[in-house]
Structure formats: C-alpha cells, structure tokens
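Q: One structure follows; several queries about it will come next.
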Amino acid sequence: MFDLEHAIKSWRRGLAKSPSLEDSYVAELEAVLRDEVAALVRGGMTEEEAFRQASVGMGDVSAIGDEFKKVRGPGRTQFVPGLVWNYFKIVARKLKRQKAHSLITLIGLTTGMAAFILIVLYCRFERSYDDFHRNADRILRVQNDRIYSLRHDRSAGCPPGLGPALKEEFPEIAEFARLHSLGGASNIVSRTAGSGGASTISDPTVAFYESRVFFADPAFLRIFSFPLISGDKATALEEPEKAVLSESLARKYFNDEDPLGQTITVTTRFGRHDYRVSGICRDVPPNSHLKFDILLSFRRLAVLWPSTEEQPWSSNAFLTYLLLSPSADRSALEEKFPPFVEKTSFGTSELRREFHLQPLRTIHLTSRLRFEAEANGDLVTVRFLEIIGLFILLVAWVNFINLATARSLQRGKEVCVRKTLGAGRRQLTVQFLFESVFLNILAFLLALGVILCVHPLFSRLVGKPVSPADLGNGWVWVGAAILGGAVLSGVYPAFILSSFRPVLALRGQVHGVLKGTVLRKGLVVFQFATAILLIASTLIVGKQLAYVQNQDIGVDLDRTLVLKIPQVSGAEQLASAGRTQLSALSSIGNAAVSTSVPGREYSNAVSGIRRQSAAAEEAQQAFLIDVDDNYFRFFSIPLVCGRSFSRGYAADKEAVIVNEEMVKTLGFESAEKALLQKVVLGGFGGDVVEVVGVVKNYHHKSLREKIEPVIYMPLPQTYFRRGYFLSLRVEGQSIGPAISSIAEKWKQIFPGQPLEYAFLDDEFNGQYDADKRFGQVFGLSSLLAILIACLGLFGLASFSAERRTREIGIRKVFGASVPEITRMLTGEFLRWVLLANLIAWPVTWVIMSKWLQRFAYRTTAGLWPLGLAALFALIIALATVSYKAVRSAATNPADSIRHE
Amino acid sequence: MSSNTLVAASAKPIILSLLLTGESYGYQILLRVRRVSGGKMTWSSAMLYPVLRRMEKDGLVRSEWRLSEENRMRRYYALTARGRKELEAEKERWRSIQDALWKLWAPAGAGD
C-alpha cells in the first residue's frame with residue numbers, strides 16, 4: 001500500500017544528504033512537490049502515480065544540490081563546526097599514538113615559549129624602571145659635565161647650588177630636589193629603648209649599618225611618587241631633625257610599635273645626630289633607579305656641612321632632580337643652559353662646565369655617569385636578550401614546522417582518505433591549522449606551568465625579582481604573538497599536507513610533493529646558525545670573564561678581610577688602635593687602614609691638579625685615597641721609586657704618593673722625574689704637596705674601567721672625613737676561628753658597634769656579577785637553543801631515514817656496509833651544520849667584538865670559541881643523526897624492502 | 001525552449017514580471033511560467049529556487065513562510081522596491097535586444 005507521507009519523507013531524506021541544501025530549501029522544495037502531487041491527483045491520478053511523476057519532474061537530488069551550489073558561488077571555505085570534535089579526536093589520537101614525535105614537538109615548543117616568556121619578563125622589568133611615578137614624564141635629572149683639557153668627566157653629582165639656581169632662573173622648572181647620598185660610608189643607625197628621652201651612645205638597643213641613606217630636599221616627596229603610609233608628605237622633611245623611613249626599615253627598628261614621632265640616631269661622617277621619624281613610606285619598588293631606606297632632611301645637611309650654602313659650587317655630590325611644568329620642553333630648556341653657565345661663570349680657566357638633562361625613565365638603561373645612585377642596567381644587554389628570546393622562539397617554531405612536514409609521510413594516507421570522501425583542500429587546511437594551533441596552545445599552557453615553577457630560580461639567575469604577575473596586560477601581547485606564530489608555523493605544513501593528490505599519495509608517492517625541501521633545509525641551517533652563535537658568544541663571555549678575573553690586578557687581595565670602622569668620634573684613633581690590637585692576634589698577619597680599598601669607590605676626586613711650574617690651564621683631575629704607612633706593603637703594591645709614608649717623617653703632612661698614571665697625567669717624563677716635585681691641589685684651595693713616592697699602577701676598580709690617576713694622601717685625613725676601612729690578612733688555615741677572635745677584640749675596641757666584614761677578593765669580583773649573570777643567561781639560552789635545534793634535527797633525521805628505507809635495503813643487498821650507509825645518511829646533515837657555521841661565525845665575531853669593547857681591558861674574541869662552538873654543534877648533530885642512521889642502516893634489508 | 005543560458009538569463013525578468021502583479025509562491029510561479037509560454041517553457045524547481053534565493057540575497061524579492069488555504073506552509077515571494085527598479089532596467093535591456101533582433105530579421109531593404 002503506497003503511503004504518500006512515507007514516500008515524501010524518504011524523498012526529503014535523500015535531499016538532506018546533499019551538503020549544499022539547507023533545511024529551509026528542503027522544506028520549500030517539499031512544498032512544491034506537495035503542490036504538484038495535489039494538482040496531479042486533482043487531474044485524476046492516483047497518489048502513487050502523482051508522486052512518481054512529480055518527483056521525477058523535480059529532478060535528480062544531486063542535480064538540485066548542484067544547482068544550489070552554483071548560486072552559493074564558488075570557493076567559500078566551509079568551516080563545519082560539527083567537525084571540530086573530530087579534529088580534537090584526531091589530535092588526541094595523534095598525541096597518543098605517536099608518543100615520541102609528539103613529545104619532541106611539545107618539548108621543543110614548550111621550551112622555546114618558556115624561554116621566550118622568561119626573557120620577555122626580564123626585559124620588561126628592565127624597561128619598566130621608574131614608570132610608577134605619576135610625573136615620570138616630567139622628571140629630569142641633571143647631568144654635570146666637567147670638561148678639562150684631557151678629560152671629560154660626566155657625573156650625576158651636581159654642585160649643591162645648582163638646583164636652587166636653576167629654579168630661580170627658569171620658570172618652567174616647577175620644583176627641584178637635591179639628594180646627597182651617605183652610601184658607601186659607614187652609617188650606623190640605632191634606636192634607643194624607651195625613646196622620647198635622649199639616647200645614650202653606649203647603649204643603643206638596635207644598631208645596624210645602613211647604606212641607603214640620603215639627605216633629601218622636602219620637594220623630593222612631592223616630585224616623586226613614593227607614597228607615605230603615615231606622616232604628611234608636605235611637611236615630612238621640612239624641619240632639620242626629621243626623617244622618613246621605609247616600611248621594612250621601620251619594622252627592623254621598631255617591630256610593631258608605631259615609629260611615628262620616635263627618635264633614631266644616625267651616625268654619619270658628620271657625626272652622631274638624632275632624628276625624629278616624621279613619615280613611613282612604602283618600600284621603594286625594585287624597579288626604581290633610586291633606592292633608599294632613610295631620607296633625612298636636607299636642612300640638617302646645610303647645618304652639618306655649611307659649605308653647601310657658603311660655597312654652592314664647590315662639591316659635586318648632589319643628585320639633582322627637576323620637575324618641569326606640564327607645558328615645558330626638555331630640549332628647549334637644555335638649549336638655554338650654555339648662556340646660563342656663561343652668566344653664572346662657575347667655569348674656571350682649567351674647567352668648562354656643561355649641564356644636560358636626563359629623562360627619568362631613561363636613567364636606568366642608558367645612563368652611565370659617575371656618582372650614579374646604583375649600578376644601572378644596560379640597554380644593549382636588554383636588546384641583546386630580546387633578540388635572543390625572539391630567536392629561541394623562532395627556532396622552536398622552525399622546529400615545529402620541520403617536524404610537522406617531516407611527518408607528512410604518515411599523514412599522507414589520512415589526507416587522501418579524507419579527500420576521496422569529499423573533503424576540500426580548504427577544509428583540510430583548516431583541520432591542520434587547527435591541529436597546530438591546538439598543539440601551540442597546549443605548549444603555551446605547559447610553558448606557563450614551567451614559568452610558574454622556575455621563575456624564582458630565574459629571578460636569582462638574573463638578579464632581579466621577575467614575576468609573571470608583573471607582565472599585566474603584556475600577557476595579551478605575548479598571547480597574541482604566540483597565537484600569531486602558531487598560525488604562521490601551521491600554515492606551511494597545512495599547505496603541504498593538504499596539497500597531496502590522492503591518486504599519487506595512495507600509491508605511496510608522497511615524495512614528489514616533498515621535493516621542495518629547500519625551505520626546510522634553510523630552516524635547519526637557521527636553527528644551527530643561531531645555536532652556534534649563542535654557544536660561541538657564551539664561550540667568549542666566559543673567556544672575557546676568566547680574563548678579567550685571572551688578570552694580575554697588581555694588588556694582593558688574598559685572604560684579606562675588610563672591616564668597616566664605625567664613624568664614631570675619634571674613629572681615626574680607634575682605627576689605629578684596632579690595627580695595632582687586631583694585628584697582634586695570632587691569626588692576623590698584617591693590617592692596614594685606608595679610606596678606600598680595591599673594588600670600592602675612590603674616597604674623593606679633586607680637580608685643578610697641576611705641577612707647580614705648570615700653567616693653570618693644564619690642571620687635571622685625580623682621585624684620592626687616604627692611606628696609612630702600611631697600605632702599600634699590605635696590598636703588595638710595589639714602589640717604582642721614592643718611599644712609602646712613614647710615621648717617622650714629620651713632613652709627611654705635605655707629602656703624597658702618586659701612581660704611574662698620575663705621573664703621566666701631570667706630564668712628568670718618568671717616575672724619577674716626578675720625585676720630590678711640588679704639586680698644586682687647585683681643588684683644595686691651592687695647597688701644595690710634594691711627591692715622595694711613585695707606586696706601580698694597579699686596578700683599584702674592575703677591568704671595565706681604565707686605571708685612573710690616583711693621589712695617595714697620608715692619614716690622618718686633611719680635607720674630608722671619610723669612613724675608614726681596616727684591612728686584615730688572615731694567617732693560617734682556618735678563617736672561622738680568626739673571625740671569632742676578631743669579633744672578640746672588636747667588642748673591646750668598639751663597644752656596642754656592629755661588626756661588618758667582607759672578603760676583599762669576593763668584593764672585588766662582585767664587580768663582575770652583572771657580567772657573570774649576563775654570561776649565565778647567555779649560556780642557558782644557548783643550551784636551550786641547541787636542545788631545540790637537536791630535537792628538530794632528530795625529527796628530520798628520522799624522516800629522512802624512513803623515507804629512504806627501501807633505498808637502504810637495496811643498497812645493503814648490493815653490498816653496502818652499515819658504516820657506509822650511516823655515512824651516507826649523516827653526510828647531508830653535516831653539510832647543513834657546516835653551512836650554518838659559515839653564517840654564524842662572522843655574525844658572532846661582529847657582535848662579540850662590540851660587546852668586548854665595553855671593557856677597558858679585554859681579551860680578543862679569538863678563534864677557539866668559534867671553533868669549539870662549531871665542534872660542539874657538529875658533535876651534537878652527528879650524535880643525533882647517527883643514532884637514527886645507524887638504526888636504519890642496521891635494519892634487515894628483507895624488512896626494509898618489503899616496506900610500503 | 002532550447003538554450004540553457006537563455007533560460008538562465010531570462011529567468012530573472014520573468015520572475016520579476018510575474019511578481020509585479022502580486023505575491024506568489026514557488027509552485028504557482030512554475031505553473032504561470034508554463035501557462036504564459038504556452039507550455040514551451042517548463043522550469044524545474046531545481047532551477048527556480050536557486051534563482052529566487054539569489055534574487056532575495058540581492059534584495060530584489062522578499063519572502064515569508066505562511067499558511068496557505070490548503071493549510072500547508074508555503075513560502076510567498078513579493079517584489080521589493082529595488083526589484084521594481086531592476087525590472088524597469090531589465091525591460092530596457094530586453095527591449096533593446098529585441099529591437100536589434102527585429103531589425104536584423106526584418107525583410108531586406110527595410111531600415112538600417
């Protein structure tokens with residue numbers, strides 16, 4: 001019995017199969033069919049006959065579909081959402097079935113991304129310095145240039161009168177603030193129990209050395225955004241006895257008590273004074289170029305050091321910051337400086353001055369002046385690292401591309417089955433893109449996990465507190481970059497894969513499609529070139545560090561302990577007493593007192609130095625250290641001629657010893673000629689001194705810096721009161737007991753004063769910490785790059801061996817030996833690595849020579865780091881490739897010929 | 001009717017003309033085409049609906065599902081303002097083609 005509804009239903013089902021017919025079309029066609037059937041029935045036909053005729057009249061189902069397809073227009077990509085689940089299934093299956101391949105791919109991507117993100121975190125931190133100040137764009141620091149006939153001295157330290165004078169002269173300067181650092185000197189901060197009453201010297205309850213202590217103008221807190229937790233910003237530094245502490249310092253001295261209004265005692269080179277805590281400020285963020293724990297009122301300094309007001313242009317020891325009014329322009333202001341300098345005439349005949357302005361935010365990465373508030377970062381290093389990070393990420397993606405294409409042999413058949421079943425090329429491209437994006441996202445998530453685990457370690461490595469949280473909306477950029485890269489790196493494999501032609505590929509002739517491997521070979525060469533560049537650079541950095549550390553710096557720092565002498569009254573005598581008493585200890589061999597030790601800043605600098613017979617125009621600048629009669633003997637600094645200081649010479653008051661560099665700077669022909677000559681210290685009121693000895697040059701500072709002209713003055717100090725250092729040579733094997741016996745004696749000589757000591761060789765080498773860190777980051781990066789490159793190479797080698805399975809089998813049948821076949825398979829890869837060397841060498845040479853120029857004393861880039869890097873890359877490549885090659889060479893030919 | 005391309009080319013003006021007199025649905029359009037051509041033109045629905053769909057996309061017609069008197073859902077098509085304008089343009093085009101052909105097919109000597 002014919003059922004019309006049933007017939008129409010199955011007819012409709014037939015239509016619904018056609019992919020180009022949507023439901024609404026089907027419904028409409030059905031309406032027509034029903035109308036036609038109704039009309040025919042009315043004309044006298046049975047339902048069955050009417051349906052037959054009507055459905056024939058409607059035309060063939062596929063024809064209908066085709067007609068609709070024409071209307072939809074050609075070439076629209078069909079993203080079929082229903083297939084996404086299928087894509088997922090395919091990826092998951094692939095991950096599960098091809099464990100080794102997936103692991104290699106994922107490790108490569110994850111490592112690359114994690115390294116990239118870590119480097120981004122670091123660089124972002126370095127670039128974020130001083131961003132947190134609300135007025136950051138309007139804050140400038142004055143750079144003070146003093147130009148002598150032979151020397152151009154660039155300093156961040158300005159004369160005390162400069163700030164007020166500039167503000168007076170230029171209306172566009174809204175505010176100025178001067179800072180005077182008490183760092184380096186041995187400041188003791190103490191707090192007496194039961195505060196409010198006068199503190200007693202002998203019984204402070206808490207006492208520490210503090211180095212981040214500054215005298216600051218009241219405007220300082222208004223210009224910068226260092227928020228006060230308690231206290232009033234406007235008045236916190238107004239009165240002379242006031243002090244602002246950082247949060248953690250306040251906790252250190254006051255625990256849970258309210259520090260506001262309490263008294264602290266600060267012992268500086270100006271003596272011992274009480275200050276009232278008038279404000280607590282939040283701890284200075286780590287990305288501030290200026291870090292302080294204690295701010296003391298500048299008005300107190302004016303009292304303690306009257307010359308800041310009486311001789312406003314005398315000393316260059318004041319960091320000077322300006323806040324411009326919103327409309328003012330930095331360069332326009334800077335242009336007005338030369339006439340101002342002219343007018344104010346602080347230049348002297350031997351010295352020309354220039355003032356420049358440094359935008360606050362550029363200070364950390366670009367400023368390298370004398371008198372910086374802290375050792376600054378380096379823009380070049382940051383850029384270097386950014387490039388390295390990008391390279392590692394690129395290498396990882398290159399790897400991904402290589403591995404994905406190499407895998408296409410296996411995927412060929414999948415592609416063809418899909419194609420025969422009607423998948424279009426675009427649809428396949430979408431599928432493969434989906435796969436690579438999926439893998440990239442997976443790797444990205446893994447990389448995030450890795451970062452969360454290793455960022456504390458990384459922070460320690462780079463010496464900066466780097467945290468993933470700091471990136472903020474930078475994550476959007478990183479995410480976008482990674483997604484973009486994922487798509488880009490997915491395009492090529494997707495293109496290759498979807499281009500397989502079913503007929504050829506099902507017959508196993510995928511190779512034809514893969515012949516265009518130039519790109520992939522190029523990519524491998526790129527990977528290896530990068531890796532070689534990084535390895536060679538690491539070796540050169542290491543070589544330079546070894547050079548500077550093994551260089552004879554001309555002074556003996558072995559087993560030397562340095563103690564800071566507290567700046568209590570009579571420090572001079574106490575230091576001398578300490579020297580006598582401590583050197584009497586059996587564990588101490590020798591002792592010396594001085595105002596600076598190797599590795600530390602010079603005690604002072606003085607300008608206007610010349611031979612008495614020379615004209616004032618020839619005056620030079622030099623650095624000063626005050627030393628006792630034992631200093632040169634203690635540090636094994638040999639005398640070239642003349643004599644050392646002696647307690648026996650009463651005339652030593654006007655005697656100085658100079659180094660060879662000073663002899664040269666003053667224009668003497670030889671050390672002997674300088675002996676017993678009179679020298680004028682123009683900067684110190686024209687005092688005349690006599691050279692009684694010349695010592696050999698030694699490196700007082702790191703080998704980054706040139707050896708400077710130095711004048712050694714006899715203790716006691718004549719011109720300034722700097723902190724003293726007591727250097728001790730420890731005898732015998734054990735350091736520990738020596739230190740405890742020193743501590744014992746210390747308590748007798750300096751009751752109640754903290755003992756702070758350091759090993760001089762550690763301190764001196766500490767100057768290279770930044771370079772060492774740079775080397776470590778470099779080393780780590782290169783290790784990662786070579787790891788990723790090897791993963792890629794391994795993948796390619798497997799691919800190549802697999803592709804040639806039958807060839808290998810046939811060659812073996814005809815008598816080829818395993819070594820021969822291994823050689824054949826590895827030869828190709830080795831050629832690529834050699835090519836990579838040719839590219840990497842000159843680039844490395846150029847880059848690293850530039851880096852080395854930052855050291856005043858340096859080794860050459862040399863050939864062996866390049867050779868070693870090449871050798872290393874070759875060995876690694878060989879090991880990777882031959883593992884696979886030997887395995888396929890050793891396969892039984894019967895098996896391999898049956899292959900395919 | 002012979003040439004497929006001619007059918008395709010004429011479909012649009014014919015549908016527009018039919019709808020000028022009022023809204024209509026697919027099957028009715030097919031019937032009216034057959035009738036007006038004296039049975040010489042027999043369109044299939046496979047041909048008609050894609051054309052309608054494209055015309056709707058181009059904004060020449062609009063459609064609406066409605067219940068018919070026979071109590072079945074039908075999609076009714078009506079002319080839009082743009083459709084009217086398009087019809088005028090089509091008329092112009094076809095007229096010029098017609099003129100040209102008439103002239104060419106006229107007995108020799110007449111006109112040029």
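For the structure tokens, the naming scheme is as follows: chains receive sequential letters (A, B, ...) according to their order of presentation, residues are indexed from 1 within each chain, and ligands are indexed from 1 in presentation order.
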Show which residues sit within 10 Å of Leu87 (chain B), as a list in words. Count only C-alpha atoms, and ignore same-chain residues fewer than 5 positions away.
A: Lys12, Pro13, Ile14, Ile15, Leu16, Ser17, Leu20, Leu60, Leu79, Ala81, Arg82, Glu92 and Arg93 of chain B
Q: For region 22-34 of chain B, please output as a PyMOL selection string all residues within 7 Å (counting only C-alpha atoms; exclusion window: fewer than 4 positions along the same chain).
A: (chain A and resi 32+35) or (chain B and resi 38-43+74-78)
Q: Neighbours of Pro716 (chain A) within 12 Å (only C-alpha atoms; same-chain residues fewer than 6 positions away dropped), as a CSV table (one decimal) with N, CA and C atoms, in the first residue's frame?
A:
chain,number,residue,atom,x,y,z
A,570,GLY,N,86.5,60.2,67.1
A,570,GLY,CA,87.8,59.6,67.4
A,570,GLY,C,88.0,58.3,66.6
A,571,ALA,N,87.3,58.2,65.5
A,571,ALA,CA,87.4,57.0,64.7
A,571,ALA,C,88.8,56.7,64.2
A,572,GLU,N,89.5,57.8,63.9
A,572,GLU,CA,90.9,57.8,63.5
A,572,GLU,C,91.7,57.0,64.5
A,573,GLN,N,91.7,57.5,65.7
A,573,GLN,CA,92.5,56.8,66.7
A,573,GLN,C,92.1,55.4,67.0
A,574,LEU,N,90.7,55.2,67.0
A,574,LEU,CA,90.2,53.8,67.2
A,574,LEU,C,90.7,52.9,66.1
A,575,ALA,N,90.7,53.4,64.8
A,575,ALA,CA,91.1,52.6,63.7
A,575,ALA,C,92.6,52.2,63.9
A,576,SER,N,93.3,53.2,64.3
A,576,SER,CA,94.7,52.9,64.6
A,576,SER,C,94.9,51.9,65.7
A,593,VAL,N,95.2,50.6,57.4
A,593,VAL,CA,94.0,51.4,57.5
A,593,VAL,C,94.0,52.3,56.3
A,594,SER,N,92.8,52.5,55.6
A,594,SER,CA,92.7,53.4,54.5
A,594,SER,C,91.3,53.9,54.3
A,595,THR,N,91.1,54.8,53.5
A,595,THR,CA,89.7,55.3,53.3
A,595,THR,C,89.0,54.7,52.1
A,625,ILE,N,92.9,58.8,47.7
A,625,ILE,CA,92.7,57.8,48.8
A,625,ILE,C,93.6,58.2,49.9
A,626,ASP,N,93.1,58.1,51.1
A,626,ASP,CA,94.0,58.3,52.3
A,626,ASP,C,94.4,57.0,52.8
A,627,VAL,N,95.7,56.8,53.0
A,627,VAL,CA,96.3,55.5,53.4
A,627,VAL,C,97.2,55.7,54.6
A,628,ASP,N,97.4,54.6,55.3
A,628,ASP,CA,98.4,54.7,56.4
A,628,ASP,C,99.8,54.2,55.9
A,629,ASP,N,100.7,54.1,56.7
A,629,ASP,CA,102.1,53.8,56.3
A,629,ASP,C,102.2,52.4,55.9
A,645,PHE,N,104.9,56.2,52.9
A,645,PHE,CA,104.7,57.0,54.1
A,645,PHE,C,105.3,56.4,55.3
A,647,ARG,N,105.7,56.8,59.7
A,647,ARG,CA,105.3,57.5,60.9
A,647,ARG,C,106.4,58.4,61.3
A,652,ASP,N,105.6,64.4,56.4
A,652,ASP,CA,104.6,63.7,55.6
A,652,ASP,C,103.2,64.4,55.6
A,653,LYS,N,103.1,65.4,56.4
A,653,LYS,CA,101.8,66.1,56.3
A,653,LYS,C,101.6,66.7,54.9
A,654,GLU,N,102.7,67.1,54.3
A,654,GLU,CA,102.5,67.7,53.0
A,654,GLU,C,103.0,66.8,51.9
A,722,ARG,N,86.2,60.9,55.7
A,722,ARG,CA,85.5,59.7,55.1
A,722,ARG,C,85.6,58.5,56.1
A,723,GLY,N,84.8,57.5,55.8
A,723,GLY,CA,84.8,56.3,56.6
A,723,GLY,C,86.2,55.6,56.4
A,724,TYR,N,86.6,54.9,57.4
A,724,TYR,CA,87.8,54.1,57.4
A,724,TYR,C,87.6,52.6,57.2
Q: Do you know which residues are at most 12 Å from Ala836 (chain A) counting only C-alpha atoms, after dropping those on the same chain fewer than 2 positions away, and could you put them as a PyMOL selection string?
A: chain A and resi 521-533+789+829-834+838-844+869-870+873-874+877
Q: Could the residues in this selection be saved with C-alpha atoms as a PDB file, in the first residue's frame?
A:
ATOM      1  CA  LYS A 521      66.936  22.765   4.872  1.00  0.00           C
ATOM      2  CA  GLY A 522      67.186  26.519   5.165  1.00  0.00           C
ATOM      3  CA  LEU A 523      65.303  26.364   8.408  1.00  0.00           C
ATOM      4  CA  VAL A 524      67.677  23.773   9.848  1.00  0.00           C
ATOM      5  CA  VAL A 525      70.628  25.891   8.828  1.00  0.00           C
ATOM      6  CA  PHE A 526      68.997  28.866  10.529  1.00  0.00           C
ATOM      7  CA  GLN A 527      68.459  26.875  13.708  1.00  0.00           C
ATOM      8  CA  PHE A 528      72.027  25.719  13.839  1.00  0.00           C
ATOM      9  CA  ALA A 529      73.457  29.084  12.971  1.00  0.00           C
ATOM     10  CA  THR A 530      71.530  30.535  15.905  1.00  0.00           C
ATOM     11  CA  ALA A 531      72.705  27.817  18.227  1.00  0.00           C
ATOM     12  CA  ILE A 532      76.322  28.178  17.151  1.00  0.00           C
ATOM     13  CA  LEU A 533      76.137  31.941  17.552  1.00  0.00           C
ATOM     14  CA  ALA A 789      67.676  22.536  17.282  1.00  0.00           C
ATOM     15  CA  PHE A 829      73.089  16.859   7.751  1.00  0.00           C
ATOM     16  CA  LEU A 830      76.696  17.596   8.432  1.00  0.00           C
ATOM     17  CA  ARG A 831      76.852  19.726   5.331  1.00  0.00           C
ATOM     18  CA  TRP A 832      73.992  21.817   6.676  1.00  0.00           C
ATOM     19  CA  VAL A 833      75.701  22.270  10.015  1.00  0.00           C
ATOM     20  CA  LEU A 834      78.895  23.332   8.243  1.00  0.00           C
ATOM     21  CA  LEU A 838      79.850  29.764   7.864  1.00  0.00           C
ATOM     22  CA  ILE A 839      76.893  32.021   8.558  1.00  0.00           C
ATOM     23  CA  ALA A 840      77.245  32.133  12.325  1.00  0.00           C
ATOM     24  CA  TRP A 841      80.966  32.912  12.538  1.00  0.00           C
ATOM     25  CA  PRO A 842      81.115  36.383  11.069  1.00  0.00           C
ATOM     26  CA  VAL A 843      77.944  37.448  12.865  1.00  0.00           C
ATOM     27  CA  THR A 844      79.299  36.239  16.191  1.00  0.00           C
ATOM     28  CA  ALA A 869      81.134  26.049  19.151  1.00  0.00           C
ATOM     29  CA  ALA A 870      81.358  24.577  15.668  1.00  0.00           C
ATOM     30  CA  ALA A 873      77.347  21.718  17.197  1.00  0.00           C
ATOM     31  CA  LEU A 874      78.854  19.132  14.873  1.00  0.00           C
ATOM     32  CA  ALA A 877      74.299  16.968  15.313  1.00  0.00           C
TER      33      ALA A 877
END
Q: Please identify all residues of chain B having at least one atom at most 8 Å from any atom of chain A, considering only C-alpha atoms, and return them as a list in words.
A: Gly26, Tyr27, Ser44, Ser45, Ala46, Met47, Tyr49, Pro50, Val51, Arg53, Arg54, Arg72, Met73, Arg74 and Arg75 of chain B
Q: Can I get the selected residues back with N, CA and C atoms, as a PDB file, in the first residue's frame?
A:
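So result.pdb came out as:
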ATOM      1  N   GLY B  26       6.345  29.426  -4.996  1.00  0.00           N
ATOM      2  CA  GLY B  26       7.145  28.707  -5.974  1.00  0.00           C
ATOM      3  C   GLY B  26       6.346  27.929  -6.995  1.00  0.00           C
ATOM      4  N   TYR B  27       5.467  27.090  -6.502  1.00  0.00           N
ATOM      5  CA  TYR B  27       4.744  26.218  -7.418  1.00  0.00           C
ATOM      6  C   TYR B  27       3.881  27.042  -8.381  1.00  0.00           C
ATOM      7  N   SER B  44      12.148  23.772 -13.869  1.00  0.00           N
ATOM      8  CA  SER B  44      12.125  22.822 -12.754  1.00  0.00           C
ATOM      9  C   SER B  44      12.339  23.606 -11.449  1.00  0.00           C
ATOM     10  N   SER B  45      11.901  23.006 -10.365  1.00  0.00           N
ATOM     11  CA  SER B  45      12.097  23.709  -9.091  1.00  0.00           C
ATOM     12  C   SER B  45      13.585  23.812  -8.759  1.00  0.00           C
ATOM     13  N   ALA B  46      14.336  22.826  -9.262  1.00  0.00           N
ATOM     14  CA  ALA B  46      15.781  22.876  -9.020  1.00  0.00           C
ATOM     15  C   ALA B  46      16.389  24.115  -9.638  1.00  0.00           C
ATOM     16  N   MET B  47      15.732  24.588 -10.709  1.00  0.00           N
ATOM     17  CA  MET B  47      16.243  25.798 -11.332  1.00  0.00           C
ATOM     18  C   MET B  47      15.694  27.037 -10.651  1.00  0.00           C
ATOM     19  N   TYR B  49      14.364  27.667  -7.531  1.00  0.00           N
ATOM     20  CA  TYR B  49      14.659  28.115  -6.165  1.00  0.00           C
ATOM     21  C   TYR B  49      16.034  28.751  -6.010  1.00  0.00           C
ATOM     22  N   PRO B  50      17.045  28.202  -6.632  1.00  0.00           N
ATOM     23  CA  PRO B  50      18.332  28.901  -6.515  1.00  0.00           C
ATOM     24  C   PRO B  50      18.256  30.325  -7.039  1.00  0.00           C
ATOM     25  N   VAL B  51      17.475  30.513  -8.155  1.00  0.00           N
ATOM     26  CA  VAL B  51      17.362  31.864  -8.702  1.00  0.00           C
ATOM     27  C   VAL B  51      16.653  32.763  -7.700  1.00  0.00           C
ATOM     28  N   ARG B  53      16.530  32.415  -4.566  1.00  0.00           N
ATOM     29  CA  ARG B  53      17.403  32.639  -3.424  1.00  0.00           C
ATOM     30  C   ARG B  53      18.393  33.776  -3.714  1.00  0.00           C
ATOM     31  N   ARG B  54      18.928  33.721  -4.922  1.00  0.00           N
ATOM     32  CA  ARG B  54      19.897  34.764  -5.250  1.00  0.00           C
ATOM     33  C   ARG B  54      19.217  36.132  -5.344  1.00  0.00           C
ATOM     34  N   ARG B  72      -1.277  24.374   4.344  1.00  0.00           N
ATOM     35  CA  ARG B  72       0.130  23.933   4.265  1.00  0.00           C
ATOM     36  C   ARG B  72       1.045  25.151   4.315  1.00  0.00           C
ATOM     37  N   MET B  73       2.256  24.910   4.818  1.00  0.00           N
ATOM     38  CA  MET B  73       3.202  26.022   4.873  1.00  0.00           C
ATOM     39  C   MET B  73       3.733  26.287   3.472  1.00  0.00           C
ATOM     40  N   ARG B  74       3.709  27.569   3.077  1.00  0.00           N
ATOM     41  CA  ARG B  74       4.272  27.935   1.785  1.00  0.00           C
ATOM     42  C   ARG B  74       5.120  29.185   1.965  1.00  0.00           C
ATOM     43  N   ARG B  75       6.076  29.267   1.094  1.00  0.00           N
ATOM     44  CA  ARG B  75       6.902  30.471   1.151  1.00  0.00           C
ATOM     45  C   ARG B  75       6.432  31.393   0.049  1.00  0.00           C
TER      46      ARG B  75
END
Q: Near region 109-114 of chain A, within 10 Å and counting only C-alpha atoms, which residues show up once chain neighbours fewer than 4 positions away are dropped, as JSON, numbers by chain?
A: {"A": [103, 104, 105, 118, 119, 120, 389, 390, 391, 392, 393, 394, 395, 396, 397, 398, 399, 400, 439, 440, 441, 442, 443, 444, 445, 446, 447, 448, 449, 450, 451, 452, 454, 478, 482, 486, 781, 784, 785, 787, 788]}
Q: Provide the CA of Ser798 (chain A) to CA of Ala406 (chain A) distance in Å, to one decimal place.
A: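 CA of Ala406 (chain A) lies at a distance of 8.4 Å from CA of Ser798 (chain A).
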Q: What is the distance between CA of Tyr122 (chain A) and CA of Gly775 (chain A), in Å to one decimal?
A: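 Atom-to-atom, CA of Tyr122 (chain A) and CA of Gly775 (chain A) are spaced 14.9 Å apart.
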Q: I need the strand (DSSP E or B) residues of chain B per DSSP on the backbone, written as a count of residues only.
A: 16
